[in-house]
Amino acid sequence: MRLDIAALAIRNSYNCGVLGHHAERIASAGLLSLCFTNAPASIAPVGGAKPIIGTNPFALGVPNGAGAAALVIDQSASVVAKSEIARRAAAGTPIPEGWAVDAEGNPTTDAGAALKGAMMPSGGYKGFGIGLMVELFAAAMTGATLGIHASPFSGTSGGPPRTGQFFIACDPSLTSNSFFADRLDALLQAIDAERNARRPGSRRLESRRMSVREGVAISRALLARIEILARS
């Protein structure tokens with residue numbers, strides 16, 4: 001059966017993990033993919049103090065025509081992952097200015113105050129616009145819970161967050177005939193020709209190769225926590 005373009009809407013969901021993983025799997029099937037997922041509100045609009053949208057990542061997977069992904073872009077609407085702020089709050093270490101605001105909307109370097117306030121969007125109003133686009137696809141298009149109404153991903157407070165995802169997959173030949181591969185090659189060659197430049201997602205792929213070669217190092221404290229959770 002020939003697939004030209006398809007969409008999948010998911011609601012009553014949860015954190016879908018690394019969104020780029022799903023984009024890469026679709027690209028490996030020879031399809032151009034665009035993926036969205038929303039999250040509990042943690043980002044305030046520029047000039048505001050109350051979180052309205054979540055970190056709300058989107059991912060793009062580009063097929064290479066040989067059963068793998070030529071390019072994967074996976075990025076969120078926030079300056080940094082919320083888990084990084086939570087990690088620093090637990091460790092009692094500060095965060096850089098520009099990552100978050102406190103509950104009154106004032107810039108803060110206190111990770112604990114940041115968790116009670118809001119995260120900053122990446123790129124200012126442009127990042128908030130991207131997050132809002134994701135919210136429309138992942139929640140408004142699917143009937144999932146908006147980030148402003150979703151319970152936290154961490155813990156059981158508030159019950160299931162019931163957030164959503166939206167996936168689009170299309171055959172590049174649907175509109176491009178045979179020139180998609182040529183245009184893609186030209187773009188990638190232009191990036192590769194720039195000194196010290198790297199393709200989006202290339203660092204992630206290199207980290208994956210290193211993990212396969214050398215394994216993954218974890219602390220004894222983390223291993224102990226995993227063992228306790230496994231027994232509970």
# chains A, B, ... in the order shown; residues from 1 in each chain; ligands from 1

$ select_by_dssp --residues "stretch 72-213 of chain A" --states "alpha helix (DSSP H)" --output "MDAnalysis selection string"
chainID A and resid 82:91 111:116 125:135 173:176 179:193 202:213

$ closest_atom_pairs --of "stretch 49-143 of chain A" --to "stretch 177-201 of chain A" --cutoff "12 Å" --atoms "only C-alpha atoms" --output "tab-separated table"
residue	atom	partner	partner_atom	distance
A:Ala59	CA	A:Gly201	CA	10.5
A:Leu60	CA	A:Pro200	CA	10.3
A:Gly61	CA	A:Gly201	CA	10.2
A:Val62	CA	A:Leu184	CA	8.9
A:Pro63	CA	A:Ala181	CA	9.1
A:Asn64	CA	A:Ala181	CA	7.6
A:Gly65	CA	A:Ala181	CA	7.7
A:Ala66	CA	A:Ala181	CA	11.0
A:Ala69	CA	A:Gly201	CA	10.5
A:Ala70	CA	A:Leu184	CA	8.7
A:Leu71	CA	A:Gly201	CA	6.9
A:Val72	CA	A:Gly201	CA	5.5
A:Ile73	CA	A:Pro200	CA	5.7
A:Asp74	CA	A:Gly201	CA	7.4
A:Gln75	CA	A:Gly201	CA	9.6

$ write_last_selection --atoms "N, CA, C and O atoms" --output "short mmCIF file (atom, residue, chain, number, x, y, z; two decimals), in the first residue's frame"
data_model
loop_
_atom_site.label_atom_id
_atom_site.label_comp_id
_atom_site.auth_asym_id
_atom_site.auth_seq_id
_atom_site.Cartn_x
_atom_site.Cartn_y
_atom_site.Cartn_z
N ALA A 59 9.98 17.85 16.59
CA ALA A 59 11.08 17.13 15.97
C ALA A 59 10.82 16.95 14.48
O ALA A 59 9.67 16.73 14.06
N LEU A 60 11.88 17.04 13.72
CA LEU A 60 11.84 16.83 12.27
C LEU A 60 12.79 15.70 11.92
O LEU A 60 13.96 15.72 12.32
N GLY A 61 12.30 14.71 11.20
CA GLY A 61 13.13 13.61 10.74
C GLY A 61 13.17 13.59 9.22
O GLY A 61 12.12 13.61 8.57
N VAL A 62 14.38 13.57 8.66
CA VAL A 62 14.56 13.64 7.21
C VAL A 62 15.18 12.34 6.71
O VAL A 62 16.27 11.96 7.17
N PRO A 63 14.53 11.63 5.80
CA PRO A 63 15.07 10.35 5.31
C PRO A 63 16.26 10.56 4.38
O PRO A 63 16.34 11.57 3.67
N ASN A 64 17.19 9.59 4.39
CA ASN A 64 18.34 9.68 3.48
C ASN A 64 18.16 8.83 2.23
O ASN A 64 19.05 8.76 1.39
N GLY A 65 17.00 8.15 2.11
CA GLY A 65 16.74 7.33 0.94
C GLY A 65 17.38 5.96 0.99
O GLY A 65 17.27 5.19 0.04
N ALA A 66 18.05 5.65 2.10
CA ALA A 66 18.74 4.36 2.22
C ALA A 66 18.39 3.67 3.53
O ALA A 66 19.20 2.92 4.07
N ALA A 69 18.03 7.98 8.75
CA ALA A 69 17.74 9.42 8.78
C ALA A 69 18.98 10.20 8.36
O ALA A 69 20.08 9.94 8.86
N ALA A 70 18.79 11.14 7.46
CA ALA A 70 19.89 12.01 7.07
C ALA A 70 20.05 13.16 8.05
O ALA A 70 21.14 13.71 8.23
N LEU A 71 18.96 13.50 8.71
CA LEU A 71 18.95 14.67 9.59
C LEU A 71 17.81 14.53 10.58
O LEU A 71 16.71 14.12 10.21
N VAL A 72 18.07 14.83 11.85
CA VAL A 72 17.03 14.86 12.88
C VAL A 72 17.19 16.14 13.69
O VAL A 72 18.25 16.40 14.24
N ILE A 73 16.15 16.94 13.71
CA ILE A 73 16.12 18.15 14.54
C ILE A 73 15.12 17.90 15.66
O ILE A 73 13.98 17.55 15.41
N ASP A 74 15.56 18.06 16.89
CA ASP A 74 14.71 17.84 18.06
C ASP A 74 15.00 18.98 19.03
O ASP A 74 16.07 19.02 19.63
N GLN A 75 14.07 19.89 19.19
CA GLN A 75 14.32 21.02 20.08
C GLN A 75 13.05 21.45 20.79
O GLN A 75 11.95 21.30 20.27
#

$ residues_around --residues "stretch 126-135 of chain A" --least-positions-apart "5" --cutoff "10 Å" --atoms "only C-alpha atoms" --output "ChimeraX atom specification"
/A:35-39,43-46,52-58,76-79,120-121,140-142,144-147,163-166

$ residues_around --residues "A:Thr93" --least-positions-apart "2" --cutoff "12 Å" --atoms "only C-alpha atoms" --output "PyMOL selection string"
chain A and resi 84-91+95-96+109-113

$ write_last_selection --atoms "C-alpha atoms" --output "compact mmCIF listing (two decimals), in the first residue's frame"
# COMPACT_ATOMS: atom_id res chain seq x y z
CA GLU A 84 18.32 20.63 34.50
CA ILE A 85 16.80 23.33 36.72
CA ALA A 86 15.35 20.66 39.01
CA ARG A 87 18.76 18.97 39.21
CA ARG A 88 20.44 22.22 40.24
CA ALA A 89 17.70 22.96 42.76
CA ALA A 90 18.28 19.57 44.39
CA ALA A 91 22.04 20.21 44.44
CA ILE A 95 21.35 28.66 37.35
CA PRO A 96 22.59 31.18 34.76
CA THR A 109 19.57 32.60 39.39
CA ASP A 110 17.98 30.66 42.26
CA ALA A 111 16.97 27.25 40.89
CA GLY A 112 14.39 26.74 43.65
CA ALA A 113 12.75 30.08 42.90

$ residues_around --residues "A:Ile5" --least-positions-apart "2" --cutoff "10 Å" --atoms "only C-alpha atoms" --output "list of chain:residue names"
A:Arg2, A:Leu3, A:Ala7, A:Leu31, A:Leu32, A:Ser33, A:Ile168, A:Ala169, A:Cys170, A:Asp171, A:Pro172, A:Leu174

$ residues_around --residues "stretch 114-119 of chain A" --least-positions-apart "6" --cutoff "7 Å" --atoms "only C-alpha atoms" --output "list in words"
Ser42, Ile43, Ala44, Ala49, Lys50, Pro51, Ser78, Trp99, Ala100, Val101, Asp102, Ala103 and Thr108 of chain A

$ select_by_dssp --residues "stretch 152-211 of chain A" --states "strand (DSSP E or B)" --output "PyMOL selection string"
chain A and resi 163-170

$ closest_residue --among "A:Leu205, A:Leu136, A:Ala6, A:Ile148" --to "A:His21" --atoms "only C-alpha atoms"
A:Leu205

$ closest_residue --among "A:Ala138, A:Ala221, A:Ile226, A:Val212" --to "A:Ile10" --atoms "only C-alpha atoms"
A:Ala138
